[in-house]
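Source file: query_30.cif; contents: mmCIF, N, CA and C atoms.
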data_target
loop_
_atom_site.label_atom_id
_atom_site.label_comp_id
_atom_site.auth_asym_id
_atom_site.auth_seq_id
_atom_site.Cartn_x
_atom_site.Cartn_y
_atom_site.Cartn_z
N MET I 1382 0.84 -1.18 0.00
CA MET I 1382 0.00 0.00 0.00
C MET I 1382 0.89 1.25 0.00
N PRO I 1383 0.79 2.10 -1.03
CA PRO I 1383 1.60 3.31 -1.07
C PRO I 1383 1.13 4.33 -0.04
N GLY I 1384 1.98 5.24 0.30
CA GLY I 1384 1.60 6.27 1.24
C GLY I 1384 2.80 7.09 1.63
N PRO I 1385 2.67 8.18 2.29
CA PRO I 1385 1.39 8.85 2.51
C PRO I 1385 0.82 9.39 1.20
N ALA I 1386 -0.47 9.53 1.15
CA ALA I 1386 -1.13 9.98 -0.07
C ALA I 1386 -2.21 11.00 0.29
N PRO I 1387 -2.52 11.88 -0.67
CA PRO I 1387 -3.61 12.84 -0.43
C PRO I 1387 -4.93 12.12 -0.21
N GLU I 1388 -5.80 12.76 0.54
CA GLU I 1388 -7.14 12.23 0.82
C GLU I 1388 -7.86 11.92 -0.50
N GLY I 1389 -8.43 10.75 -0.58
CA GLY I 1389 -9.21 10.37 -1.75
C GLY I 1389 -8.40 9.80 -2.90
N MET I 1390 -7.09 9.76 -2.76
CA MET I 1390 -6.25 9.23 -3.83
C MET I 1390 -6.48 7.73 -3.96
N LYS I 1391 -6.62 7.28 -5.19
CA LYS I 1391 -6.87 5.87 -5.45
C LYS I 1391 -5.64 5.26 -6.13
N VAL I 1392 -5.46 3.97 -5.93
CA VAL I 1392 -4.35 3.24 -6.50
C VAL I 1392 -4.94 2.10 -7.33
N PHE I 1393 -4.32 1.83 -8.49
CA PHE I 1393 -4.78 0.72 -9.31
C PHE I 1393 -4.66 -0.58 -8.54
N PRO I 1394 -5.58 -1.51 -8.77
CA PRO I 1394 -5.48 -2.81 -8.10
C PRO I 1394 -4.21 -3.56 -8.51
N ALA I 1395 -3.81 -4.51 -7.71
CA ALA I 1395 -2.66 -5.35 -8.01
C ALA I 1395 -2.95 -6.20 -9.24
N PRO I 1396 -1.92 -6.63 -9.97
CA PRO I 1396 -2.15 -7.48 -11.15
C PRO I 1396 -2.97 -8.73 -10.84
N SER I 1397 -2.80 -9.32 -9.67
CA SER I 1397 -3.57 -10.52 -9.34
C SER I 1397 -5.07 -10.21 -9.24
N THR I 1398 -5.40 -9.00 -8.82
CA THR I 1398 -6.81 -8.59 -8.74
C THR I 1398 -7.40 -8.46 -10.14
N TRP I 1399 -6.63 -7.84 -11.04
CA TRP I 1399 -7.09 -7.71 -12.44
C TRP I 1399 -7.29 -9.09 -13.06
N ALA I 1400 -6.32 -9.99 -12.82
CA ALA I 1400 -6.37 -11.33 -13.41
C ALA I 1400 -7.56 -12.14 -12.90
N ALA I 1401 -8.06 -11.83 -11.72
CA ALA I 1401 -9.17 -12.58 -11.12
C ALA I 1401 -10.54 -12.13 -11.63
N ILE I 1402 -10.60 -11.06 -12.42
CA ILE I 1402 -11.89 -10.59 -12.93
C ILE I 1402 -12.41 -11.58 -13.96
N PRO I 1403 -13.59 -12.15 -13.75
CA PRO I 1403 -14.12 -13.15 -14.69
C PRO I 1403 -14.53 -12.50 -16.02
N ALA I 1404 -14.53 -13.31 -17.08
CA ALA I 1404 -14.84 -12.83 -18.43
C ALA I 1404 -16.21 -12.16 -18.49
N TRP I 1405 -17.20 -12.70 -17.78
CA TRP I 1405 -18.54 -12.12 -17.84
C TRP I 1405 -18.56 -10.71 -17.26
N GLU I 1406 -17.68 -10.44 -16.29
CA GLU I 1406 -17.64 -9.11 -15.69
C GLU I 1406 -17.06 -8.09 -16.69
N TRP I 1407 -16.03 -8.50 -17.42
CA TRP I 1407 -15.50 -7.61 -18.48
C TRP I 1407 -16.61 -7.29 -19.48
N HIS I 1408 -17.34 -8.33 -19.88
CA HIS I 1408 -18.43 -8.14 -20.84
C HIS I 1408 -19.49 -7.20 -20.29
N ARG I 1409 -19.85 -7.40 -19.03
CA ARG I 1409 -20.87 -6.55 -18.39
C ARG I 1409 -20.41 -5.09 -18.33
N LEU I 1410 -19.11 -4.86 -18.22
CA LEU I 1410 -18.56 -3.51 -18.16
C LEU I 1410 -18.36 -2.89 -19.55
N GLY I 1411 -18.68 -3.66 -20.59
CA GLY I 1411 -18.57 -3.12 -21.95
C GLY I 1411 -17.19 -3.26 -22.57
N VAL I 1412 -16.34 -4.08 -21.97
CA VAL I 1412 -15.00 -4.31 -22.52
C VAL I 1412 -15.08 -5.51 -23.45
N ASP I 1413 -14.76 -5.28 -24.72
CA ASP I 1413 -14.88 -6.36 -25.70
C ASP I 1413 -13.78 -7.42 -25.48
N PRO I 1414 -13.97 -8.62 -26.03
CA PRO I 1414 -13.03 -9.72 -25.78
C PRO I 1414 -11.58 -9.40 -26.19
N ARG I 1415 -11.40 -8.69 -27.29
CA ARG I 1415 -10.03 -8.38 -27.73
C ARG I 1415 -9.32 -7.49 -26.70
N ARG I 1416 -10.00 -6.47 -26.22
CA ARG I 1416 -9.38 -5.60 -25.21
C ARG I 1416 -9.16 -6.35 -23.90
N THR I 1417 -10.09 -7.23 -23.57
CA THR I 1417 -9.92 -8.05 -22.37
C THR I 1417 -8.65 -8.89 -22.48
N ARG I 1418 -8.43 -9.52 -23.63
CA ARG I 1418 -7.23 -10.33 -23.83
C ARG I 1418 -5.97 -9.48 -23.71
N THR I 1419 -6.01 -8.26 -24.23
CA THR I 1419 -4.85 -7.37 -24.13
C THR I 1419 -4.57 -7.01 -22.68
N ILE I 1420 -5.61 -6.68 -21.94
CA ILE I 1420 -5.44 -6.34 -20.52
C ILE I 1420 -4.84 -7.52 -19.76
N ILE I 1421 -5.38 -8.71 -19.98
CA ILE I 1421 -4.89 -9.90 -19.28
C ILE I 1421 -3.44 -10.19 -19.68
N ALA I 1422 -3.11 -10.01 -20.95
CA ALA I 1422 -1.72 -10.21 -21.39
C ALA I 1422 -0.78 -9.24 -20.66
N CYS I 1423 -1.23 -8.01 -20.48
CA CYS I 1423 -0.41 -7.01 -19.76
C CYS I 1423 -0.30 -7.35 -18.28
N VAL I 1424 -1.39 -7.82 -17.70
CA VAL I 1424 -1.38 -8.20 -16.29
C VAL I 1424 -0.39 -9.33 -16.05
N ARG I 1425 -0.35 -10.28 -16.97
CA ARG I 1425 0.57 -11.42 -16.83
C ARG I 1425 2.03 -10.99 -16.96
N ARG I 1426 2.26 -9.87 -17.63
CA ARG I 1426 3.62 -9.37 -17.82
C ARG I 1426 3.91 -8.13 -16.96
N ALA I 1427 3.11 -7.91 -15.94
CA ALA I 1427 3.19 -6.67 -15.17
C ALA I 1427 4.60 -6.36 -14.68
N GLY I 1428 5.30 -7.34 -14.15
CA GLY I 1428 6.65 -7.10 -13.65
C GLY I 1428 7.59 -6.64 -14.75
N ARG I 1429 7.50 -7.29 -15.90
CA ARG I 1429 8.37 -6.90 -17.03
C ARG I 1429 7.97 -5.54 -17.57
N LEU I 1430 6.67 -5.25 -17.59
CA LEU I 1430 6.23 -3.95 -18.08
C LEU I 1430 6.72 -2.82 -17.19
N GLU I 1431 6.75 -3.06 -15.88
CA GLU I 1431 7.25 -2.05 -14.95
C GLU I 1431 8.70 -1.70 -15.26
N ARG I 1432 9.48 -2.68 -15.68
CA ARG I 1432 10.89 -2.45 -15.97
C ARG I 1432 11.13 -1.66 -17.25
N LEU I 1433 10.11 -1.54 -18.09
CA LEU I 1433 10.27 -0.79 -19.34
C LEU I 1433 10.62 0.67 -19.10
N SER I 1434 10.21 1.20 -17.96
CA SER I 1434 10.49 2.61 -17.69
C SER I 1434 11.99 2.88 -17.55
N GLY I 1435 12.80 1.86 -17.34
CA GLY I 1435 14.23 2.02 -17.24
C GLY I 1435 14.95 1.93 -18.58
N LEU I 1436 14.22 1.65 -19.64
CA LEU I 1436 14.81 1.53 -20.97
C LEU I 1436 14.68 2.83 -21.74
N PRO I 1437 15.49 3.01 -22.80
CA PRO I 1437 15.23 4.13 -23.70
C PRO I 1437 13.81 4.03 -24.24
N THR I 1438 13.15 5.16 -24.39
CA THR I 1438 11.73 5.18 -24.74
C THR I 1438 11.42 4.42 -26.02
N GLU I 1439 12.23 4.59 -27.05
CA GLU I 1439 11.96 3.89 -28.31
C GLU I 1439 12.02 2.38 -28.14
N ASP I 1440 12.95 1.90 -27.33
CA ASP I 1440 13.03 0.46 -27.06
C ASP I 1440 11.80 -0.01 -26.28
N ALA I 1441 11.39 0.78 -25.30
CA ALA I 1441 10.21 0.43 -24.51
C ALA I 1441 8.96 0.38 -25.38
N LYS I 1442 8.80 1.36 -26.27
CA LYS I 1442 7.62 1.36 -27.15
C LYS I 1442 7.66 0.17 -28.11
N ARG I 1443 8.83 -0.18 -28.61
CA ARG I 1443 8.95 -1.34 -29.49
C ARG I 1443 8.54 -2.61 -28.76
N LEU I 1444 8.98 -2.76 -27.51
CA LEU I 1444 8.61 -3.95 -26.73
C LEU I 1444 7.12 -3.96 -26.39
N LEU I 1445 6.55 -2.81 -26.11
CA LEU I 1445 5.11 -2.75 -25.86
C LEU I 1445 4.33 -3.26 -27.07
N CYS I 1446 4.79 -2.90 -28.26
CA CYS I 1446 4.09 -3.29 -29.49
C CYS I 1446 4.18 -4.79 -29.78
N THR I 1447 4.99 -5.54 -29.02
CA THR I 1447 5.03 -6.99 -29.21
C THR I 1447 3.85 -7.69 -28.53
N ILE I 1448 3.12 -6.96 -27.70
CA ILE I 1448 1.94 -7.51 -27.04
C ILE I 1448 0.75 -7.35 -27.97
N ASP I 1449 0.07 -8.45 -28.25
CA ASP I 1449 -1.09 -8.40 -29.13
C ASP I 1449 -2.13 -7.43 -28.58
N GLY I 1450 -2.52 -6.48 -29.41
CA GLY I 1450 -3.52 -5.50 -29.00
C GLY I 1450 -2.90 -4.14 -28.68
N ILE I 1451 -1.58 -4.06 -28.59
CA ILE I 1451 -0.91 -2.78 -28.37
C ILE I 1451 -0.19 -2.39 -29.65
N GLY I 1452 -0.59 -1.24 -30.18
CA GLY I 1452 0.04 -0.73 -31.40
C GLY I 1452 0.76 0.57 -31.13
N VAL I 1453 1.12 1.26 -32.20
CA VAL I 1453 1.92 2.48 -32.05
C VAL I 1453 1.16 3.57 -31.30
N TRP I 1454 -0.15 3.68 -31.51
CA TRP I 1454 -0.92 4.71 -30.80
C TRP I 1454 -0.90 4.44 -29.29
N THR I 1455 -1.21 3.21 -28.89
CA THR I 1455 -1.24 2.86 -27.48
C THR I 1455 0.15 3.00 -26.86
N ALA I 1456 1.18 2.57 -27.58
CA ALA I 1456 2.55 2.70 -27.07
C ALA I 1456 2.91 4.17 -26.84
N ALA I 1457 2.49 5.05 -27.74
CA ALA I 1457 2.76 6.48 -27.57
C ALA I 1457 2.01 7.03 -26.37
N GLU I 1458 0.75 6.64 -26.21
CA GLU I 1458 -0.03 7.11 -25.06
C GLU I 1458 0.60 6.64 -23.74
N ILE I 1459 1.10 5.41 -23.71
CA ILE I 1459 1.78 4.91 -22.52
C ILE I 1459 3.07 5.69 -22.28
N ALA I 1460 3.82 5.92 -23.35
CA ALA I 1460 5.10 6.64 -23.22
C ALA I 1460 4.87 8.06 -22.69
N GLN I 1461 3.80 8.70 -23.12
CA GLN I 1461 3.50 10.05 -22.64
C GLN I 1461 3.26 10.06 -21.14
N ARG I 1462 2.45 9.14 -20.69
CA ARG I 1462 2.00 9.16 -19.30
C ARG I 1462 2.93 8.42 -18.34
N ALA I 1463 3.39 7.25 -18.73
CA ALA I 1463 4.18 6.43 -17.81
C ALA I 1463 5.68 6.74 -17.87
N PHE I 1464 6.17 7.12 -19.05
CA PHE I 1464 7.60 7.37 -19.19
C PHE I 1464 7.94 8.85 -19.23
N GLY I 1465 6.92 9.71 -19.29
CA GLY I 1465 7.18 11.15 -19.37
C GLY I 1465 7.82 11.56 -20.68
N ASP I 1466 7.53 10.84 -21.75
CA ASP I 1466 8.13 11.13 -23.06
C ASP I 1466 7.54 12.41 -23.62
N THR I 1467 8.34 13.43 -23.74
CA THR I 1467 7.88 14.74 -24.21
C THR I 1467 7.74 14.79 -25.73
N ASP I 1468 8.11 13.70 -26.41
CA ASP I 1468 8.09 13.71 -27.88
C ASP I 1468 7.13 12.69 -28.48
N ALA I 1469 6.49 11.87 -27.67
CA ALA I 1469 5.65 10.78 -28.18
C ALA I 1469 4.40 11.32 -28.85
N LEU I 1470 4.31 11.15 -30.16
CA LEU I 1470 3.13 11.56 -30.91
C LEU I 1470 2.17 10.40 -31.05
N SER I 1471 0.90 10.65 -30.86
CA SER I 1471 -0.12 9.61 -30.97
C SER I 1471 -0.53 9.45 -32.43
N VAL I 1472 0.38 8.91 -33.23
CA VAL I 1472 0.10 8.66 -34.64
C VAL I 1472 -0.99 7.60 -34.72
N GLY I 1473 -1.99 7.86 -35.54
CA GLY I 1473 -3.12 6.96 -35.65
C GLY I 1473 -4.34 7.45 -34.89
N ASP I 1474 -4.20 8.55 -34.16
CA ASP I 1474 -5.34 9.14 -33.46
C ASP I 1474 -6.34 9.64 -34.49
N VAL I 1475 -7.60 9.45 -34.22
CA VAL I 1475 -8.65 9.79 -35.19
C VAL I 1475 -8.65 11.27 -35.55
N HIS I 1476 -8.41 12.15 -34.60
CA HIS I 1476 -8.55 13.59 -34.84
C HIS I 1476 -7.26 14.39 -34.76
N LEU I 1477 -6.23 13.86 -34.15
CA LEU I 1477 -5.06 14.65 -33.81
C LEU I 1477 -4.41 15.35 -34.99
N ALA I 1478 -4.22 14.65 -36.11
CA ALA I 1478 -3.56 15.26 -37.27
C ALA I 1478 -4.35 16.46 -37.77
N ARG I 1479 -5.67 16.34 -37.81
CA ARG I 1479 -6.49 17.47 -38.26
C ARG I 1479 -6.44 18.63 -37.28
N VAL I 1480 -6.41 18.33 -35.99
CA VAL I 1480 -6.32 19.39 -34.98
C VAL I 1480 -5.02 20.15 -35.16
N VAL I 1481 -3.91 19.43 -35.26
CA VAL I 1481 -2.60 20.08 -35.45
C VAL I 1481 -2.59 20.87 -36.75
N GLY I 1482 -3.07 20.27 -37.82
CA GLY I 1482 -3.09 20.96 -39.11
C GLY I 1482 -3.86 22.26 -39.08
N HIS I 1483 -5.06 22.24 -38.51
CA HIS I 1483 -5.89 23.45 -38.49
C HIS I 1483 -5.40 24.47 -37.48
N ALA I 1484 -4.96 24.02 -36.32
CA ALA I 1484 -4.53 24.96 -35.28
C ALA I 1484 -3.25 25.68 -35.67
N MET I 1485 -2.33 24.97 -36.29
CA MET I 1485 -1.02 25.55 -36.55
C MET I 1485 -0.80 26.01 -37.99
N PHE I 1486 -1.51 25.40 -38.94
CA PHE I 1486 -1.22 25.67 -40.34
C PHE I 1486 -2.46 25.95 -41.19
N ASN I 1487 -3.64 25.95 -40.55
CA ASN I 1487 -4.90 26.18 -41.24
C ASN I 1487 -5.04 25.27 -42.47
N ALA I 1488 -4.75 23.99 -42.24
CA ALA I 1488 -4.80 23.01 -43.34
C ALA I 1488 -5.23 21.66 -42.81
N ASP I 1489 -5.79 20.84 -43.71
CA ASP I 1489 -6.12 19.46 -43.35
C ASP I 1489 -4.85 18.64 -43.39
N PHE I 1490 -4.55 17.93 -42.31
CA PHE I 1490 -3.36 17.09 -42.24
C PHE I 1490 -3.77 15.64 -42.04
N ASP I 1491 -2.96 14.74 -42.60
CA ASP I 1491 -3.02 13.34 -42.21
C ASP I 1491 -1.83 13.10 -41.27
N ASP I 1492 -1.65 11.86 -40.83
CA ASP I 1492 -0.57 11.58 -39.88
C ASP I 1492 0.80 11.94 -40.42
N ASP I 1493 1.06 11.59 -41.69
CA ASP I 1493 2.37 11.88 -42.27
C ASP I 1493 2.65 13.38 -42.31
N ALA I 1494 1.66 14.17 -42.68
CA ALA I 1494 1.84 15.62 -42.71
C ALA I 1494 2.06 16.18 -41.31
N MET I 1495 1.33 15.63 -40.33
CA MET I 1495 1.50 16.09 -38.95
C MET I 1495 2.92 15.80 -38.46
N VAL I 1496 3.40 14.59 -38.69
CA VAL I 1496 4.74 14.22 -38.24
C VAL I 1496 5.78 15.13 -38.88
N ALA I 1497 5.64 15.38 -40.17
CA ALA I 1497 6.59 16.24 -40.87
C ALA I 1497 6.52 17.68 -40.35
N ALA I 1498 5.33 18.18 -40.14
CA ALA I 1498 5.15 19.57 -39.70
C ALA I 1498 5.68 19.79 -38.28
N LEU I 1499 5.58 18.78 -37.43
CA LEU I 1499 6.03 18.93 -36.05
C LEU I 1499 7.51 18.60 -35.85
N GLU I 1500 8.19 18.20 -36.91
CA GLU I 1500 9.61 17.84 -36.80
C GLU I 1500 10.47 18.94 -36.18
N PRO I 1501 10.26 20.22 -36.50
CA PRO I 1501 11.10 21.26 -35.88
C PRO I 1501 10.96 21.33 -34.35
N TRP I 1502 9.90 20.76 -33.80
CA TRP I 1502 9.68 20.81 -32.35
C TRP I 1502 10.23 19.58 -31.62
N ARG I 1503 10.84 18.65 -32.36
CA ARG I 1503 11.46 17.49 -31.73
C ARG I 1503 12.51 17.97 -30.74
N PRO I 1504 12.61 17.54 -29.54
CA PRO I 1504 11.97 16.43 -28.85
C PRO I 1504 10.80 16.86 -27.96
N HIS I 1505 10.02 17.81 -28.43
CA HIS I 1505 8.91 18.32 -27.61
C HIS I 1505 7.57 18.26 -28.35
N ARG I 1506 7.42 17.35 -29.29
CA ARG I 1506 6.19 17.31 -30.09
C ARG I 1506 4.97 17.00 -29.25
N TYR I 1507 5.07 16.12 -28.26
CA TYR I 1507 3.92 15.84 -27.41
C TYR I 1507 3.56 17.08 -26.60
N ARG I 1508 4.55 17.82 -26.16
CA ARG I 1508 4.28 19.06 -25.43
C ARG I 1508 3.53 20.06 -26.31
N VAL I 1509 3.90 20.14 -27.57
CA VAL I 1509 3.19 21.03 -28.50
C VAL I 1509 1.73 20.63 -28.59
N VAL I 1510 1.47 19.34 -28.73
CA VAL I 1510 0.09 18.84 -28.82
C VAL I 1510 -0.67 19.16 -27.54
N ARG I 1511 -0.05 18.96 -26.39
CA ARG I 1511 -0.71 19.27 -25.11
C ARG I 1511 -1.02 20.76 -25.00
N LEU I 1512 -0.11 21.61 -25.46
CA LEU I 1512 -0.38 23.05 -25.45
C LEU I 1512 -1.56 23.40 -26.36
N LEU I 1513 -1.66 22.74 -27.49
CA LEU I 1513 -2.81 22.98 -28.37
C LEU I 1513 -4.11 22.61 -27.66
N HIS I 1514 -4.12 21.45 -27.01
CA HIS I 1514 -5.32 21.05 -26.28
C HIS I 1514 -5.62 22.01 -25.13
N ALA I 1515 -4.59 22.41 -24.41
CA ALA I 1515 -4.78 23.34 -23.29
C ALA I 1515 -5.30 24.69 -23.78
N GLY I 1516 -4.93 25.04 -25.00
CA GLY I 1516 -5.39 26.30 -25.59
C GLY I 1516 -6.78 26.23 -26.20
N GLY I 1517 -7.41 25.05 -26.11
CA GLY I 1517 -8.77 24.92 -26.61
C GLY I 1517 -8.89 24.35 -28.01
N TYR I 1518 -7.78 23.95 -28.60
CA TYR I 1518 -7.83 23.35 -29.93
C TYR I 1518 -8.06 21.86 -29.80
N ALA I 1519 -9.29 21.47 -29.60
CA ALA I 1519 -9.60 20.05 -29.41
C ALA I 1519 -10.12 19.40 -30.69
N THR I 1520 -10.67 20.19 -31.57
CA THR I 1520 -11.18 19.66 -32.83
C THR I 1520 -10.91 20.67 -33.92
N ARG I 1521 -11.10 20.24 -35.15
CA ARG I 1521 -10.93 21.20 -36.24
C ARG I 1521 -12.14 22.12 -36.27
N PRO I 1522 -12.02 23.29 -36.89
CA PRO I 1522 -13.14 24.24 -36.88
C PRO I 1522 -14.39 23.64 -37.54
N ARG I 1523 -15.52 24.00 -37.00
CA ARG I 1523 -16.79 23.57 -37.58
C ARG I 1523 -17.42 24.77 -38.27
N PHE I 1524 -18.02 24.50 -39.38
CA PHE I 1524 -18.64 25.58 -40.14
C PHE I 1524 -20.13 25.31 -40.28
N ALA I 1525 -20.92 26.28 -39.90
CA ALA I 1525 -22.37 26.17 -40.02
C ALA I 1525 -22.79 26.59 -41.42
N PRO I 1526 -23.94 26.13 -41.88
CA PRO I 1526 -24.43 26.58 -43.19
C PRO I 1526 -24.60 28.09 -43.18
N GLN I 1527 -24.29 28.70 -44.28
CA GLN I 1527 -24.41 30.15 -44.40
C GLN I 1527 -25.86 30.52 -44.70
N ARG I 1528 -26.31 31.61 -44.09
CA ARG I 1528 -27.66 32.11 -44.36
C ARG I 1528 -27.63 32.89 -45.66
N GLN I 1529 -28.67 32.74 -46.45
CA GLN I 1529 -28.76 33.43 -47.75
C GLN I 1529 -29.52 34.71 -47.62
#
Whole structure, C-alpha cells version:
Amino acid sequence: MPGPAPEGMKVFPAPSTWAAIPAWEWHRLGVDPRRTRTIIACVRRAGRLERLSGLPTEDAKRLLCTIDGIGVWTAAEIAQRAFGDTDALSVGDVHLARVVGHAMFNADFDDDAMVAALEPWRPHRYRVVRLLHAGGYATRPRFAPQRQ
C-alpha cells in the first residue's frame, strides 16, 4: 500500500486482482473480448512492463508493441503518461492530425503531414500537442451553413 497519499487518492489494483476478474464481468462492463485479452496479457507481464520505464523510450515502445492489441498509438499514449516522453506523438489518433493541421497551419493534415510539420519541435512534439489542447484546440473548426 503506497503512502502517505492525499485524501481520496486511489491506486490501481494489483495485477492478481485484475487477473481474477471473470470474463462475464469484463463483458458486463462493456469491454470487448479483444481488449480483455490485451489487458490480461499485460497483467501477466506486469513485472516486465514495470521495468520498461528504465529503458530508452523507443526500445520500450517497441517492446510494448510486441503484445497483441498494443500498437503504435497505445505505445505512444503509454510513453507520454508512464515514461514522461515529451516527444511521443499519438500517430493513428482519429482527430489529432487534423487538430494540429488546423490549429497551426490552417490546413487538413493526415498523420504523415503532422509528423513532418512537427519535426522542428522534436523532442517536444507531445508538449506542443498538449499546449494545443490546453489552448482549446480540441477539434478542427466547424462551419455552419451560411444564411442566404
Determine the residue set returned by the PyMOL selection byres ((chain I and resi 1435-1442) around 8) for the present structure, and present it as a list in words. Leu1430, Glu1431, Arg1432, Leu1433, Ser1434, Arg1443, Leu1444, Leu1445, Cys1446, Thr1447, Gly1452, Val1453, Thr1455, Ala1456, Ala1457, Ile1459, Ala1460, Phe1464 and Asp1466 of chain I
Could you give me the residues within range 1452-1516 of chain I that DSSP places in helix (DSSP H, G or I), as a PyMOL selection string? chain I and resi 1453-1463+1477-1486+1492-1502+1506-1515
Arg1425 in chain I environment, 8 Å, all atoms listed in the file, sequence neighbours closer than 4 positions dropped, as a ChimeraX atom specification: /I:1396-1397,1400,1419-1421,1429-1430
As a check of understanding, name the residues that the PyMOL selection byres (((chain I and resi 1507-1512 and name CA) around 10) and name CA) selects in the supplied structure, as number ranges by chain. I: 1457-1458, 1461, 1465-1471, 1477-1478, 1480-1481, 1499, 1502-1506, 1513-1519
Please, what distance in Å, to one decimal, runs between atom N of His1408 in chain I and atom C of Gly1473 in chain I? 25.4 Å
Neighbours of Arg1416 in chain I within 12 Å (only C-alpha atoms; same-chain residues fewer than 5 positions away dropped), as an mmCIF file with N, CA and C atoms, in the coordinates of the input?
data_model
loop_
_atom_site.group_PDB
_atom_site.id
_atom_site.type_symbol
_atom_site.label_atom_id
_atom_site.label_comp_id
_atom_site.auth_asym_id
_atom_site.auth_seq_id
_atom_site.Cartn_x
_atom_site.Cartn_y
_atom_site.Cartn_z
ATOM 1 N N ALA I 1404 -14.530 -13.310 -17.080
ATOM 2 C CA ALA I 1404 -14.840 -12.830 -18.430
ATOM 3 C C ALA I 1404 -16.210 -12.160 -18.490
ATOM 4 N N TRP I 1407 -16.030 -8.500 -17.420
ATOM 5 C CA TRP I 1407 -15.500 -7.610 -18.480
ATOM 6 C C TRP I 1407 -16.610 -7.290 -19.480
ATOM 7 N N HIS I 1408 -17.340 -8.330 -19.880
ATOM 8 C CA HIS I 1408 -18.430 -8.140 -20.840
ATOM 9 C C HIS I 1408 -19.490 -7.200 -20.290
ATOM 10 N N LEU I 1410 -19.110 -4.860 -18.220
ATOM 11 C CA LEU I 1410 -18.560 -3.510 -18.160
ATOM 12 C C LEU I 1410 -18.360 -2.890 -19.550
ATOM 13 N N GLY I 1411 -18.680 -3.660 -20.590
ATOM 14 C CA GLY I 1411 -18.570 -3.120 -21.950
ATOM 15 C C GLY I 1411 -17.190 -3.260 -22.570
ATOM 16 N N ILE I 1421 -5.380 -8.710 -19.980
ATOM 17 C CA ILE I 1421 -4.890 -9.900 -19.280
ATOM 18 C C ILE I 1421 -3.440 -10.190 -19.680
ATOM 19 N N ALA I 1422 -3.110 -10.010 -20.950
ATOM 20 C CA ALA I 1422 -1.720 -10.210 -21.390
ATOM 21 C C ALA I 1422 -0.780 -9.240 -20.660
ATOM 22 N N CYS I 1423 -1.230 -8.010 -20.480
ATOM 23 C CA CYS I 1423 -0.410 -7.010 -19.760
ATOM 24 C C CYS I 1423 -0.300 -7.350 -18.280
ATOM 25 N N ILE I 1448 3.120 -6.960 -27.700
ATOM 26 C CA ILE I 1448 1.940 -7.510 -27.040
ATOM 27 C C ILE I 1448 0.750 -7.350 -27.970
ATOM 28 N N ASP I 1449 0.070 -8.450 -28.250
ATOM 29 C CA ASP I 1449 -1.090 -8.400 -29.130
ATOM 30 C C ASP I 1449 -2.130 -7.430 -28.580
ATOM 31 N N GLY I 1450 -2.520 -6.480 -29.410
ATOM 32 C CA GLY I 1450 -3.520 -5.500 -29.000
ATOM 33 C C GLY I 1450 -2.900 -4.140 -28.680
ATOM 34 N N ILE I 1451 -1.580 -4.060 -28.590
ATOM 35 C CA ILE I 1451 -0.910 -2.780 -28.370
ATOM 36 C C ILE I 1451 -0.190 -2.390 -29.650
ATOM 37 N N THR I 1455 -1.210 3.210 -28.890
ATOM 38 C CA THR I 1455 -1.240 2.860 -27.480
ATOM 39 C C THR I 1455 0.150 3.000 -26.860
#
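Distances to Gly1428 in chain I were evaluated for I:Ala1395, I:Val1472, I:Met1485, I:Ala1498 using only C-alpha atoms, and the minimum falls at I:Ala1395.
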Taking the file above as input, evaluate the PyMOL selection byres (((chain I and resi 1491 and name CA) around 9) and name CA) and report the hits as a list in words. Leu1477, Ala1478, Arg1479, Gly1482, Asp1489, Phe1490, Asp1492, Asp1493, Ala1494, Met1495 and Val1496 of chain I
Interatomic distance between atom C of Lys1391 in chain I and atom N of Val1424 in chain I?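 Those two atoms sit 18.0 Å apart.
Pairwise distance (atom C of Val1475 in chain I, atom N of Trp1454 in chain I) equals 12.1 Å.
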Output as AutoDock Vina command-line options the centre and edge lengths (Å, one decimal) of the box along x, y and z of the file that holds every listed atom of range 1427-1443 of chain I after adding 6 Å on each side.
--center_x 9.3 --center_y -1.4 --center_z -21.6 --size_x 24.4 --size_y 25.1 --size_z 27.8
